[in-house]
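*Asks:* This is the structure I want to talk about, given as C-alpha cells.
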Amino acid sequence: MINKMAAVVYTAPQEMTYFAEYQSTQIDREDDVLLRIDSVGICGSDMHAYHGKDPRRNPGLILGHEFCGEIVDGADKGQKVTGNPLITCGKCEYCLQGRDNLCSDRDMIGMSRQGAFAQYMAIPKQCLVYAPNQMNSNHVALTEPAATVVHAVNLAKENSFKPINECQVLVIGAGAIGLLTALLLKSHGVKMQVLETNLARHLCVKEHVGVKAVNPLIESVDENSFDVVIDCVGSEKTNSLSISSVKAGGTVVNVGLLSWTSNIDIRKITLQEVKLIGCYTYNMEDFKSALKSIENGAFGDLSWIEEYPLSETNMAFQSLHNGTMASAKVILKPHF
Ligand SMILES: [Zn+2]
Ligand SMILES: [Zn+2]
C-alpha cells in the first residue's frame, strides 16, 4: 500500500498540477493490482481533457492510460506489464463476441478512475498484459496507441476488396496514431501518401516511414484516387477530404475524433458505394498483437519518442498545445 506518491492532477482547463506528495486513493479494491509506473504517454484524448473539451474527464482526475509499469506485490512481483485501459464487463453480447471495445458497461483508466500520470496506479487484474521484462518501457507504453492502429488496419484489410499491399492508401495526420499507422502499413509493403499540417513532423515521416509528407493546406490532394483512406484526425475538413479522396468502391476508416460535428458527402458515399467505417480503440486481441508487433519491430525503432520527467507534464502539455512539440509521442517518467 502506497500512501503518498508524486502525481499530476488535471486541476482546471489548461492546468496540469504536479504534486510531489499526492494522497493516493483508489488502490484498495479487491481485484486491483498495484503497479509502479515506469513510463506513461500523453494521448490526444488527454489533450482534449486538458482543453476542457471532454465531458467524461473532469478536474480532480489523474489522466494517463498509455503506460508501462511493474507489479509491486505478490507472486508476479517485478513483472513488467502494460494494461488495456478499457475495463469491460466480460458478460455482455459484445464482450462475448470478442468485440469488448463496444462493451455496453465499460469503464476506463484515466477517465472514470485514476490514471497513470503518477508513480503508482491500481488496475483491475483482468486488464493486465504481461510484457517481456527486457523490453524498453517506453516501447511497452506505446502498446495502447499501437493497438488502436492494429484495429484500424485490420478494419481496412477486412473491408477492402484488394489485399492491403495492393492498395493505394492515404493516411491523414502524422501524430502518434497517424505515424504508427504509416509505420505498420510500411511493414506490410503498402504504397501510401501521408498528410500532415505540422511541418515539424514532416522530417520524422521522411526519416522513419520513408515517404515525403504532404501539407494539405498548401498542396492539393488527388480526388477519387485512394483505395483506402485512414483518417487519424477526424476534423470536419479531414472528414470531407476522406470522402473526396477515396475511389469509387473504396474504404474510409475514421479513427480521429477531433470534431463533434460532421458534414460528410452522403451522396458520394451512396452513389459510389464508399464504405465508411468507424473505428474505436481495440479489443484485447488487438492489444496483445500490438505489443508483439512493437517487440518484433513492425513499428520501426521508435526513436522519435521524446521523454520528460513527470514534473514537467504541464510544460509538455503546453508545447503540445502550442504546436511546438515536434515529437509525435511524449512519454513521461514518474521516477526520474
Ligand atoms: Zn490513448
Ligand atoms: Zn461487456
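Ordering of the C-alpha cells sets the chain letters (A, B, ...), residue numbers begin anew at 1 in every chain, and ligands are numbered from 1 in the order given.
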Write out as an mmCIF file with C-alpha atoms, in the first residue's frame all residues of range 171-330 of chain A that backbone DSSP assigns to helix (DSSP H, G or I).
*Replies:*
data_model
loop_
_atom_site.group_PDB
_atom_site.id
_atom_site.type_symbol
_atom_site.label_atom_id
_atom_site.label_comp_id
_atom_site.auth_asym_id
_atom_site.auth_seq_id
_atom_site.Cartn_x
_atom_site.Cartn_y
_atom_site.Cartn_z
ATOM 1 C CA ALA A 176 1.184 9.270 -32.868
ATOM 2 C CA ILE A 177 -1.760 7.393 -34.401
ATOM 3 C CA GLY A 178 -1.073 8.555 -37.971
ATOM 4 C CA LEU A 179 2.652 7.893 -37.701
ATOM 5 C CA LEU A 180 2.151 4.428 -36.178
ATOM 6 C CA THR A 181 -0.419 3.664 -38.910
ATOM 7 C CA ALA A 182 2.060 4.661 -41.612
ATOM 8 C CA LEU A 183 4.799 2.582 -39.958
ATOM 9 C CA LEU A 184 2.594 -0.515 -39.716
ATOM 10 C CA LEU A 185 1.479 -0.100 -43.348
ATOM 11 C CA LYS A 186 5.129 0.255 -44.354
ATOM 12 C CA SER A 187 5.874 -3.100 -42.697
ATOM 13 C CA LEU A 199 5.810 20.882 -40.780
ATOM 14 C CA ALA A 200 7.929 19.925 -37.769
ATOM 15 C CA ARG A 201 6.560 16.396 -38.205
ATOM 16 C CA HIS A 202 7.403 16.063 -41.932
ATOM 17 C CA LEU A 203 11.036 15.279 -41.166
ATOM 18 C CA CYS A 204 10.037 12.436 -38.869
ATOM 19 C CA VAL A 205 7.736 10.933 -41.539
ATOM 20 C CA LYS A 206 10.523 11.145 -44.128
ATOM 21 C CA GLU A 207 13.093 9.601 -41.806
ATOM 22 C CA HIS A 208 11.017 6.776 -40.335
ATOM 23 C CA GLU A 236 -14.738 18.458 -40.396
ATOM 24 C CA LYS A 237 -12.081 19.239 -43.015
ATOM 25 C CA THR A 238 -10.464 15.804 -42.893
ATOM 26 C CA ASN A 239 -13.886 14.097 -42.950
ATOM 27 C CA SER A 240 -14.622 15.896 -46.248
ATOM 28 C CA LEU A 241 -11.132 15.160 -47.545
ATOM 29 C CA SER A 242 -11.508 11.445 -46.724
ATOM 30 C CA ILE A 243 -14.673 11.156 -48.784
ATOM 31 C CA SER A 244 -13.431 13.299 -51.690
ATOM 32 C CA SER A 245 -10.095 11.468 -51.992
ATOM 33 C CA ILE A 266 -23.614 11.142 -48.199
ATOM 34 C CA ARG A 267 -24.348 11.389 -51.951
ATOM 35 C CA LYS A 268 -20.852 10.227 -52.907
ATOM 36 C CA ILE A 269 -20.908 7.537 -50.211
ATOM 37 C CA THR A 270 -24.152 6.190 -51.681
ATOM 38 C CA LEU A 271 -23.605 6.697 -55.443
ATOM 39 C CA MET A 284 -7.954 -7.439 -26.144
ATOM 40 C CA GLU A 285 -6.645 -9.429 -29.142
ATOM 41 C CA ASP A 286 -5.550 -6.234 -30.942
ATOM 42 C CA PHE A 287 -3.885 -5.085 -27.714
ATOM 43 C CA LYS A 288 -1.769 -8.232 -27.365
ATOM 44 C CA SER A 289 -0.982 -8.244 -31.076
ATOM 45 C CA ALA A 290 0.190 -4.615 -30.850
ATOM 46 C CA LEU A 291 2.663 -5.467 -28.071
ATOM 47 C CA LYS A 292 4.022 -8.377 -30.161
ATOM 48 C CA SER A 293 4.330 -6.142 -33.240
ATOM 49 C CA ILE A 294 6.256 -3.499 -31.278
ATOM 50 C CA GLU A 295 8.557 -6.218 -29.945
ATOM 51 C CA LEU A 310 6.626 13.715 -14.709
ATOM 52 C CA SER A 311 7.309 17.065 -13.004
ATOM 53 C CA GLU A 312 7.450 18.674 -16.477
ATOM 54 C CA THR A 313 4.000 17.459 -17.512
ATOM 55 C CA ASN A 314 2.421 20.920 -17.621
ATOM 56 C CA MET A 315 5.214 22.193 -19.887
ATOM 57 C CA ALA A 316 4.790 19.176 -22.182
ATOM 58 C CA PHE A 317 1.036 19.784 -22.459
ATOM 59 C CA GLN A 318 1.664 23.470 -23.200
ATOM 60 C CA SER A 319 4.094 22.759 -26.011
ATOM 61 C CA LEU A 320 1.780 20.121 -27.461
ATOM 62 C CA HIS A 321 -0.979 22.729 -27.299
ATOM 63 C CA ASN A 322 1.195 25.404 -28.962
#
*Asks:* Just want the residues within 12 Å of ligand 1, written as JSON, numbers by chain, counting only C-alpha atoms and all ligand atoms.
*Replies:* {"A": [40, 41, 42, 43, 44, 45, 46, 47, 48, 49, 63, 64, 65, 66, 67, 83, 84, 85, 86, 108, 109, 110, 111, 115, 116, 141, 142, 143, 144, 145, 146, 147, 148, 149, 175, 176, 177, 255, 256, 280, 281, 282, 329, 330, 331]}
*Asks:* With C-alpha atoms retained, could you export that selection as a PDB file, in the first residue's frame?
*Replies:*
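Below is the file that was written, out-v3.pdb:
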ATOM      1  CA  VAL A  40       3.318   6.872 -19.437  1.00  0.00           C
ATOM      2  CA  GLY A  41       2.397   8.500 -22.747  1.00  0.00           C
ATOM      3  CA  ILE A  42       0.384  11.646 -23.385  1.00  0.00           C
ATOM      4  CA  CYS A  43      -2.555  10.812 -25.652  1.00  0.00           C
ATOM      5  CA  GLY A  44      -4.636  13.054 -27.904  1.00  0.00           C
ATOM      6  CA  SER A  45      -7.587  12.288 -25.636  1.00  0.00           C
ATOM      7  CA  ASP A  46      -5.616  13.597 -22.626  1.00  0.00           C
ATOM      8  CA  MET A  47      -5.155  16.781 -24.680  1.00  0.00           C
ATOM      9  CA  HIS A  48      -8.946  17.029 -25.221  1.00  0.00           C
ATOM     10  CA  ALA A  49      -9.406  16.776 -21.454  1.00  0.00           C
ATOM     11  CA  LEU A  63      -5.130  11.287 -16.517  1.00  0.00           C
ATOM     12  CA  GLY A  64      -2.959   8.824 -18.443  1.00  0.00           C
ATOM     13  CA  HIS A  65      -3.826   5.424 -19.918  1.00  0.00           C
ATOM     14  CA  GLU A  66      -0.775   4.539 -22.063  1.00  0.00           C
ATOM     15  CA  PHE A  67       1.598   3.020 -19.566  1.00  0.00           C
ATOM     16  CA  GLY A  83      -2.658  -2.828 -19.478  1.00  0.00           C
ATOM     17  CA  ASN A  84      -5.764  -2.449 -21.561  1.00  0.00           C
ATOM     18  CA  PRO A  85      -7.293   0.730 -20.088  1.00  0.00           C
ATOM     19  CA  LEU A  86     -10.794  -0.376 -21.079  1.00  0.00           C
ATOM     20  CA  MET A 108     -11.766   3.399 -18.452  1.00  0.00           C
ATOM     21  CA  ILE A 109      -8.477   4.032 -16.672  1.00  0.00           C
ATOM     22  CA  GLY A 110      -7.698   7.765 -16.631  1.00  0.00           C
ATOM     23  CA  MET A 111     -11.348   8.623 -17.158  1.00  0.00           C
ATOM     24  CA  GLY A 115      -4.826   7.090 -14.422  1.00  0.00           C
ATOM     25  CA  ALA A 116      -1.093   6.653 -14.790  1.00  0.00           C
ATOM     26  CA  ALA A 141       3.871   2.157 -23.082  1.00  0.00           C
ATOM     27  CA  LEU A 142       3.172   2.599 -26.797  1.00  0.00           C
ATOM     28  CA  THR A 143       1.061  -0.581 -26.864  1.00  0.00           C
ATOM     29  CA  GLU A 144      -2.209   1.308 -26.348  1.00  0.00           C
ATOM     30  CA  PRO A 145      -1.926   3.727 -29.307  1.00  0.00           C
ATOM     31  CA  ALA A 146      -0.392   0.898 -31.387  1.00  0.00           C
ATOM     32  CA  ALA A 147      -3.430  -1.269 -30.554  1.00  0.00           C
ATOM     33  CA  THR A 148      -5.718   1.413 -31.970  1.00  0.00           C
ATOM     34  CA  VAL A 149      -3.630   1.286 -35.144  1.00  0.00           C
ATOM     35  CA  GLY A 175       0.608  12.487 -34.822  1.00  0.00           C
ATOM     36  CA  ALA A 176       1.184   9.270 -32.868  1.00  0.00           C
ATOM     37  CA  ILE A 177      -1.760   7.393 -34.401  1.00  0.00           C
ATOM     38  CA  VAL A 255     -10.155   6.879 -36.228  1.00  0.00           C
ATOM     39  CA  GLY A 256      -9.773  10.541 -35.168  1.00  0.00           C
ATOM     40  CA  TYR A 280     -12.975   2.890 -31.775  1.00  0.00           C
ATOM     41  CA  THR A 281      -9.975   1.705 -29.755  1.00  0.00           C
ATOM     42  CA  TYR A 282      -9.203  -2.054 -29.839  1.00  0.00           C
ATOM     43  CA  LYS A 329       4.697  10.981 -28.730  1.00  0.00           C
ATOM     44  CA  VAL A 330       5.754  12.362 -25.374  1.00  0.00           C
ATOM     45  CA  ILE A 331       6.463   9.831 -22.640  1.00  0.00           C
TER      46      ILE A 331
END
*Asks:* Within 8 Å of ligand 2, which residues show up when you count only C-alpha atoms and all ligand atoms? List them as a count of residues only, please.
*Replies:* 15
*Asks:* List the neighbours of Val81 in chain A out to 8 Å using only C-alpha atoms; skip same-chain residues closer than 5 positions along the sequence, and give me the result as a ChimeraX atom specification.
*Replies:* /A:68-71,128-131,140
*Asks:* Go ahead and write the residues just picked, N, CA and C atoms, as a PDB file, in the first residue's frame.
*Replies:*
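result_26.pdb, written as the output of this step:
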ATOM      1  N   CYS A  68       3.498   1.743 -18.994  1.00  0.00           N
ATOM      2  CA  CYS A  68       4.248   0.522 -18.719  1.00  0.00           C
ATOM      3  C   CYS A  68       4.637   0.602 -17.246  1.00  0.00           C
ATOM      4  N   GLY A  69       4.463  -0.482 -16.547  1.00  0.00           N
ATOM      5  CA  GLY A  69       4.824  -0.476 -15.136  1.00  0.00           C
ATOM      6  C   GLY A  69       5.277  -1.858 -14.715  1.00  0.00           C
ATOM      7  N   GLU A  70       5.517  -1.989 -13.398  1.00  0.00           N
ATOM      8  CA  GLU A  70       5.799  -3.332 -12.921  1.00  0.00           C
ATOM      9  C   GLU A  70       4.957  -3.636 -11.693  1.00  0.00           C
ATOM     10  N   ILE A  71       4.620  -4.906 -11.547  1.00  0.00           N
ATOM     11  CA  ILE A  71       3.766  -5.350 -10.453  1.00  0.00           C
ATOM     12  C   ILE A  71       4.536  -5.196  -9.136  1.00  0.00           C
ATOM     13  N   LEU A 128      -4.529  -6.472 -17.214  1.00  0.00           N
ATOM     14  CA  LEU A 128      -3.073  -6.595 -17.351  1.00  0.00           C
ATOM     15  C   LEU A 128      -2.639  -7.396 -18.575  1.00  0.00           C
ATOM     16  N   VAL A 129      -1.595  -6.920 -19.219  1.00  0.00           N
ATOM     17  CA  VAL A 129      -0.954  -7.657 -20.309  1.00  0.00           C
ATOM     18  C   VAL A 129       0.545  -7.700 -19.980  1.00  0.00           C
ATOM     19  N   TYR A 130       1.081  -8.902 -19.821  1.00  0.00           N
ATOM     20  CA  TYR A 130       2.489  -9.056 -19.456  1.00  0.00           C
ATOM     21  C   TYR A 130       3.397  -8.760 -20.641  1.00  0.00           C
ATOM     22  N   ALA A 131       4.481  -8.038 -20.351  1.00  0.00           N
ATOM     23  CA  ALA A 131       5.461  -7.716 -21.388  1.00  0.00           C
ATOM     24  C   ALA A 131       6.780  -8.390 -21.019  1.00  0.00           C
ATOM     25  N   VAL A 140       6.927  -0.320 -24.517  1.00  0.00           N
ATOM     26  CA  VAL A 140       5.772  -1.043 -23.971  1.00  0.00           C
ATOM     27  C   VAL A 140       4.602  -0.078 -23.755  1.00  0.00           C
TER      28      VAL A 140
END
*Asks:* Let me make sure I understand: among A:His139, A:Lys247, A:His51, A:Lys162, which one has the smallest atom-to-atom distance to Gly297 in chain A if we use only C-alpha atoms?
*Replies:* A:His139
*Asks:* Could you pull the residues within 9 Å of Asp73 in chain A, counting only C-alpha atoms, minus those fewer than 6 positions along the same chain, as number ranges by chain?
*Replies:* A: 33-35
*Asks:* Write to file, as a PDB file, in the first residue's frame, the residues of the selection just made, with N, CA and C atoms.
*Replies:*
ATOM      1  N   VAL A  33      -4.589  -4.593  -8.879  1.00  0.00           N
ATOM      2  CA  VAL A  33      -3.168  -4.893  -8.753  1.00  0.00           C
ATOM      3  C   VAL A  33      -2.460  -3.541  -8.746  1.00  0.00           C
ATOM      4  N   LEU A  34      -1.509  -3.357  -7.829  1.00  0.00           N
ATOM      5  CA  LEU A  34      -0.789  -2.093  -7.759  1.00  0.00           C
ATOM      6  C   LEU A  34       0.434  -2.140  -8.669  1.00  0.00           C
ATOM      7  N   LEU A  35       0.571  -1.111  -9.501  1.00  0.00           N
ATOM      8  CA  LEU A  35       1.715  -1.027 -10.404  1.00  0.00           C
ATOM      9  C   LEU A  35       2.587   0.159 -10.053  1.00  0.00           C
TER      10      LEU A  35
END
*Asks:* Report the distance between CA of Thr11 in chain A and CA of Arg113 in chain A in Å, rounded to one decimal place.
*Replies:*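 One can read the CA of Thr11 in chain A to CA of Arg113 in chain A distance as 15.1 Å.
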*Asks:* Kindly indicate which residue among A:His151, A:Leu195, A:Thr82, A:Pro59 lies nearest to Asn133 in chain A, using only C-alpha atoms for the distances.
*Replies:* A:Thr82
*Asks:* Excluding same-chain residues fewer than 3 positions from Lys333 in chain A, what lies within 7 Å of it counting only C-alpha atoms, as a PyMOL selection string?
*Replies:* chain A and resi 38-40+307-310+336
*Asks:* Can I get the selection written as a JSON list (two decimals), in the first residue's frame, with C-alpha atoms?
*Replies:*
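Ended up saving to result24.json:
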[["chain", "number", "residue", "atom", "x", "y", "z"],
["A", 38, "ASP", "CA", 7.86, 3.43, -15.38],
["A", 39, "SER", "CA", 6.58, 5.22, -18.49],
["A", 40, "VAL", "CA", 3.32, 6.87, -19.44],
["A", 307, "GLU", "CA", 10.70, 11.62, -22.76],
["A", 308, "TYR", "CA", 10.33, 14.09, -19.89],
["A", 309, "PRO", "CA", 10.18, 13.74, -16.10],
["A", 310, "LEU", "CA", 6.63, 13.71, -14.71],
["A", 336, "PHE", "CA", 13.20, 10.41, -12.51]]
*Asks:* Rounded to one decimal in Å, what is the spacing between CA of Thr17 in chain A and CA of Gly60 in chain A?
*Replies:*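 The value is 9.9 Å.
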*Asks:* Which residues are close to Leu276 in chain A, i.e. within 10 Å by only C-alpha atoms, leaving aside same-chain residues fewer than 3 positions away? Reply as a list of chain:residue names.
*Replies:*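 Using only C-alpha atoms, the neighbours found are A:Asn159, A:Val229, A:Ser242, A:Ile243, A:Gly250, A:Thr251, A:Val252, A:Val253, A:Asn254, A:Ile269, A:Glu273, A:Cys279.
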*Asks:* Got a sec to tell me which of range 29-69 of chain A DSSP assigns to strand (DSSP E), as a list in words?
*Replies:*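 Secondary structure check on range 29-69 of chain A, strand (DSSP E): Asp32, Val33, Leu34, Leu35, Arg36, Ile37, Asp38, Ser39, Val40, Gly41, Glu66, Phe67, Cys68 and Gly69 of chain A.
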*Asks:* Restricting the output to C-alpha atoms, write the selected residues as an mmCIF file, in the first residue's frame.
*Replies:*
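What follows is the written file result32.cif:
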data_model
loop_
_atom_site.group_PDB
_atom_site.id
_atom_site.type_symbol
_atom_site.label_atom_id
_atom_site.label_comp_id
_atom_site.auth_asym_id
_atom_site.auth_seq_id
_atom_site.Cartn_x
_atom_site.Cartn_y
_atom_site.Cartn_z
ATOM 1 C CA ASP A 32 -6.868 -4.414 -8.157
ATOM 2 C CA VAL A 33 -3.168 -4.893 -8.753
ATOM 3 C CA LEU A 34 -0.789 -2.093 -7.759
ATOM 4 C CA LEU A 35 1.715 -1.027 -10.404
ATOM 5 C CA ARG A 36 4.843 1.090 -10.172
ATOM 6 C CA ILE A 37 4.631 3.214 -13.330
ATOM 7 C CA ASP A 38 7.856 3.428 -15.378
ATOM 8 C CA SER A 39 6.577 5.219 -18.492
ATOM 9 C CA VAL A 40 3.318 6.872 -19.437
ATOM 10 C CA GLY A 41 2.397 8.500 -22.747
ATOM 11 C CA GLU A 66 -0.775 4.539 -22.063
ATOM 12 C CA PHE A 67 1.598 3.020 -19.566
ATOM 13 C CA CYS A 68 4.248 0.522 -18.719
ATOM 14 C CA GLY A 69 4.824 -0.476 -15.136
#
